[in-house]
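Engineer: I have a structure I would like to understand better, so I am pasting it below and will then ask my questions one at a time.
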Amino acid sequence: MKWITARRRHPLAGYAVVMLALTLFGVGYAVIAPSAERAEAQTLAAEAAAGEQPTAEDVAQGREIWTKSCASCHGPDGTGGEGYTGPDITGEGGAAVDFQVSTGRMPSTNPDAQMPRKPPVYDQEAIDDLVAYYEAQIGEAGAPEVPSADIPGSAPVRNNFADEAAYEQALEEWESKYEQYLEGAQSTDAGMQLYLANCAHCHSWSGEGGALTGGRWAPEIGDASPRQIYEAMITGPGAMPVFNDTTVTPDEKQELIAYVKDLQAEPNAGGIFDLNRIGQVAEGFIAWTVGLSLIVACAIWITAKQRAHD
């Protein structure tokens with residue numbers, strides 16, 4: 001004890017204690033703290049649990065879907081080229097993959113033809129896995145990504161759930177998100193102006209679609225989910241131009257989508273001779289032609305009757 005007491009009075013004793021404390025602290029932290037690999041793994045796991053980052057298992061399942069349904073046309077690396085019928089899609093982005101597969105346009109048996117909307121081959125969970133693999137291994141940086149989860153996709157499908165209770169819960173959550181997104185639009189009038197200026201000349205005033213040049217057509221958009229409409233705007237599928245977030249801001253896209261869905265919900269006031277809301281000009285022209293033809297027919301009939309009477 002006397003030895004320790006004597007050493008405590010040494011001028012360097014304080015420095016030695018500080019150094020010892022720092023050493024013990026550093027060694028303890030090195031033992032307890034995670035390595036870089038562990039830290040990254042823990043971060044990815046936490047983000048995956050929060051729905052922000054796909055897991056390695058998700059990517060692996062997406063690889064299986066790619067190999068089975070996509071690689072035969074686009075190649076194993078998505079570049080297409082000689083020996084493959086599909087185009088290079090490495091720069092299209094995850095948003096384009098999600099749009100094409102969720103609308104049933106892909107996988108396609110004829111990549112050279114414009115494909116109509118069909119029931120999707122895969123459910124949304126499988127599509128998310130495919131997008132995760134595409135973005136991890138194939139897609140280029142900076143390409144359009146799948147929009148925020150706040151923008152609702154398609155409604156849940158009963159066949160994708162094991163029981164009715166799980167389906168009802170998923171449907172209720174989707175409806176809540178759907179209504180919240182549409183109600184978040186600041187002005188459907190502004191959305192109408194955007195739609196009429198940028199969309200109506202191809203998709204018609206009512207969203208029923210219409211013919212384009214070269215044998216193509218603008219599809220009907222009433223069945224498209226808000227996410228699919230958003231993805232179509234930022235990726236420009238087919239002959240559609242791209243409306244990125246600089247050209248049409250996310251808030252303006254929300255207003256436009258809200259107007260499209262509001263337009264879709266309007267009842268059809270076409271009467272007994274329903275023309276499927278093909279447009280005011282076309283419907284007016286048909287009505288004018290039919291009405292004028294009836295007037296001419298009546299005039300001919302009256303003249304013929306008068307001549308027979310004379």
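Identifiers in this document derive from the order of the structure tokens: chains are assigned A, B, ..., residues are numbered from 1 separately in each chain, and ligands are numbered from 1 in order of occurrence.
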Hey, what's within 9 Å of A:Pro219 if we count only C-alpha atoms and toss same-chain stuff fewer than 6 positions away? As JSON, numbers by chain, please?
Structural biologist: {"A": [116, 117, 202, 203, 207, 208, 209, 210, 211]}
Engineer: Suppose we keep C-alpha atoms; can you now write the selection as an mmCIF file, in the first residue's frame?
Structural biologist:
data_model
loop_
_atom_site.group_PDB
_atom_site.id
_atom_site.type_symbol
_atom_site.label_atom_id
_atom_site.label_comp_id
_atom_site.auth_asym_id
_atom_site.auth_seq_id
_atom_site.Cartn_x
_atom_site.Cartn_y
_atom_site.Cartn_z
ATOM 1 C CA PRO A 116 -52.669 -4.319 -73.856
ATOM 2 C CA ARG A 117 -53.277 -4.230 -70.139
ATOM 3 C CA CYS A 202 -54.046 10.996 -76.610
ATOM 4 C CA HIS A 203 -56.088 9.419 -73.814
ATOM 5 C CA GLY A 207 -59.482 8.720 -70.162
ATOM 6 C CA GLU A 208 -60.923 6.093 -72.531
ATOM 7 C CA GLY A 209 -57.852 6.194 -74.779
ATOM 8 C CA GLY A 210 -57.632 6.587 -78.535
ATOM 9 C CA ALA A 211 -55.777 5.699 -81.730
#
Engineer: Considering only C-alpha atoms, return as a ChimeraX atom specification whatever protein or nucleic-acid residues lie within 9 Å of stretch 236-250 of chain A, sequence-local ones (same chain, fewer than 6 positions apart) excluded.
Structural biologist: /A:96,99-100,114,144,194,202,212,216-218,230
Engineer: Could you write out that same residue set with N, CA, C and O atoms as a PDB file, in the first residue's frame?
Structural biologist:
ATOM      1  N   ALA A  96     -40.146   1.528 -64.352  1.00  0.00           N
ATOM      2  CA  ALA A  96     -40.626   0.954 -65.603  1.00  0.00           C
ATOM      3  C   ALA A  96     -40.909  -0.535 -65.444  1.00  0.00           C
ATOM      4  O   ALA A  96     -41.898  -1.056 -65.969  1.00  0.00           O
ATOM      5  N   PHE A  99     -44.124  -0.888 -63.495  1.00  0.00           N
ATOM      6  CA  PHE A  99     -45.275  -0.522 -64.316  1.00  0.00           C
ATOM      7  C   PHE A  99     -45.613  -1.625 -65.315  1.00  0.00           C
ATOM      8  O   PHE A  99     -46.768  -2.054 -65.421  1.00  0.00           O
ATOM      9  N   GLN A 100     -44.613  -2.083 -66.052  1.00  0.00           N
ATOM     10  CA  GLN A 100     -44.868  -3.047 -67.110  1.00  0.00           C
ATOM     11  C   GLN A 100     -45.372  -4.385 -66.564  1.00  0.00           C
ATOM     12  O   GLN A 100     -46.279  -5.000 -67.144  1.00  0.00           O
ATOM     13  N   GLN A 114     -47.362  -3.700 -79.392  1.00  0.00           N
ATOM     14  CA  GLN A 114     -47.839  -3.001 -78.206  1.00  0.00           C
ATOM     15  C   GLN A 114     -48.791  -3.915 -77.454  1.00  0.00           C
ATOM     16  O   GLN A 114     -49.778  -4.395 -77.999  1.00  0.00           O
ATOM     17  N   PRO A 144     -35.281   6.120 -63.283  1.00  0.00           N
ATOM     18  CA  PRO A 144     -36.485   6.328 -62.454  1.00  0.00           C
ATOM     19  C   PRO A 144     -36.742   5.163 -61.500  1.00  0.00           C
ATOM     20  O   PRO A 144     -36.775   4.007 -61.914  1.00  0.00           O
ATOM     21  N   LEU A 194     -53.910  20.350 -66.076  1.00  0.00           N
ATOM     22  CA  LEU A 194     -52.728  19.566 -66.432  1.00  0.00           C
ATOM     23  C   LEU A 194     -53.109  18.409 -67.345  1.00  0.00           C
ATOM     24  O   LEU A 194     -52.407  18.110 -68.319  1.00  0.00           O
ATOM     25  N   CYS A 202     -54.288  12.409 -76.294  1.00  0.00           N
ATOM     26  CA  CYS A 202     -54.046  10.996 -76.610  1.00  0.00           C
ATOM     27  C   CYS A 202     -55.031  10.073 -75.894  1.00  0.00           C
ATOM     28  O   CYS A 202     -55.583   9.153 -76.497  1.00  0.00           O
ATOM     29  N   LEU A 212     -53.436   6.169 -82.163  1.00  0.00           N
ATOM     30  CA  LEU A 212     -52.267   6.970 -82.467  1.00  0.00           C
ATOM     31  C   LEU A 212     -51.761   6.579 -83.850  1.00  0.00           C
ATOM     32  O   LEU A 212     -52.345   5.730 -84.519  1.00  0.00           O
ATOM     33  N   ARG A 216     -50.450   2.230 -83.339  1.00  0.00           N
ATOM     34  CA  ARG A 216     -50.439   2.213 -81.874  1.00  0.00           C
ATOM     35  C   ARG A 216     -51.689   2.895 -81.324  1.00  0.00           C
ATOM     36  O   ARG A 216     -52.446   3.520 -82.065  1.00  0.00           O
ATOM     37  N   TRP A 217     -51.856   2.780 -80.033  1.00  0.00           N
ATOM     38  CA  TRP A 217     -53.017   3.417 -79.394  1.00  0.00           C
ATOM     39  C   TRP A 217     -52.640   3.851 -77.986  1.00  0.00           C
ATOM     40  O   TRP A 217     -51.735   3.283 -77.356  1.00  0.00           O
ATOM     41  N   ALA A 218     -53.322   4.891 -77.521  1.00  0.00           N
ATOM     42  CA  ALA A 218     -53.186   5.329 -76.132  1.00  0.00           C
ATOM     43  C   ALA A 218     -54.200   4.547 -75.315  1.00  0.00           C
ATOM     44  O   ALA A 218     -55.393   4.585 -75.606  1.00  0.00           O
ATOM     45  N   TYR A 230     -48.395   7.410 -62.074  1.00  0.00           N
ATOM     46  CA  TYR A 230     -47.170   8.151 -61.739  1.00  0.00           C
ATOM     47  C   TYR A 230     -45.979   7.543 -62.477  1.00  0.00           C
ATOM     48  O   TYR A 230     -45.155   8.259 -63.067  1.00  0.00           O
TER      49      TYR A 230
END
Engineer: Please report the interatomic distance between atom CA of A:Thr109 and atom CA of A:Asp77 in Å with one decimal.
Structural biologist: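 Atom CA of A:Asp77 lies 19.4 Å from atom CA of A:Thr109.
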Engineer: Using the chain letters and numbers from this document, which residues of stretch 25-227 of chain A does DSSP assign to alpha helix (DSSP H), as a ChimeraX atom specification?
Structural biologist: /A:25-32,36-49,56-69,71-74,94-102,124-133,164-183,188-198,200-203,226-227
Engineer: Would you list the contacts of stretch 188-190 of chain A as a PDB file with N, CA, C and O atoms, in the first residue's frame, taking every protein, DNA or RNA residue within 8 Å and counting only C-alpha atoms, but skipping same-chain residues closer than 4 positions in sequence?
Structural biologist:
ATOM      1  N   LEU A 194     -53.910  20.350 -66.076  1.00  0.00           N
ATOM      2  CA  LEU A 194     -52.728  19.566 -66.432  1.00  0.00           C
ATOM      3  C   LEU A 194     -53.109  18.409 -67.345  1.00  0.00           C
ATOM      4  O   LEU A 194     -52.407  18.110 -68.319  1.00  0.00           O
ATOM      5  N   GLU A 252     -47.951  18.322 -58.551  1.00  0.00           N
ATOM      6  CA  GLU A 252     -48.805  18.447 -59.737  1.00  0.00           C
ATOM      7  C   GLU A 252     -49.247  17.070 -60.225  1.00  0.00           C
ATOM      8  O   GLU A 252     -50.388  16.911 -60.679  1.00  0.00           O
ATOM      9  N   GLU A 255     -52.139  16.078 -58.138  1.00  0.00           N
ATOM     10  CA  GLU A 255     -53.352  16.775 -58.549  1.00  0.00           C
ATOM     11  C   GLU A 255     -53.927  16.155 -59.823  1.00  0.00           C
ATOM     12  O   GLU A 255     -55.146  15.957 -59.944  1.00  0.00           O
ATOM     13  N   LEU A 256     -53.046  15.812 -60.773  1.00  0.00           N
ATOM     14  CA  LEU A 256     -53.496  15.219 -62.022  1.00  0.00           C
ATOM     15  C   LEU A 256     -54.111  13.843 -61.778  1.00  0.00           C
ATOM     16  O   LEU A 256     -55.174  13.517 -62.322  1.00  0.00           O
ATOM     17  N   ALA A 258     -55.429  12.735 -59.002  1.00  0.00           N
ATOM     18  CA  ALA A 258     -56.689  12.916 -58.288  1.00  0.00           C
ATOM     19  C   ALA A 258     -57.801  13.286 -59.264  1.00  0.00           C
ATOM     20  O   ALA A 258     -58.943  12.815 -59.129  1.00  0.00           O
ATOM     21  N   TYR A 259     -57.489  14.104 -60.264  1.00  0.00           N
ATOM     22  CA  TYR A 259     -58.507  14.467 -61.259  1.00  0.00           C
ATOM     23  C   TYR A 259     -58.900  13.255 -62.102  1.00  0.00           C
ATOM     24  O   TYR A 259     -60.089  13.036 -62.370  1.00  0.00           O
TER      25      TYR A 259
END
Engineer: Quick one, how far is atom CA of A:Asp123 from atom CA of A:Glu220?
Structural biologist: 21.9 Å
Engineer: Would you kindly return, as number ranges by chain, each protein, DNA or RNA residue with an atom no farther than 8 Å from any atom of stretch 67-70 of chain A, considering only C-alpha atoms and excluding same-chain residues fewer than 5 positions away?
Structural biologist: A: 75-76, 107
Engineer: Keeping only C-alpha atoms, write the selected residues as a PDB file, in the first residue's frame.
Structural biologist:
ATOM      1  CA  GLY A  75     -30.673 -11.289 -71.731  1.00  0.00           C
ATOM      2  CA  PRO A  76     -29.171 -12.175 -68.356  1.00  0.00           C
ATOM      3  CA  PRO A 107     -43.796 -10.790 -69.626  1.00  0.00           C
TER       4      PRO A 107
END
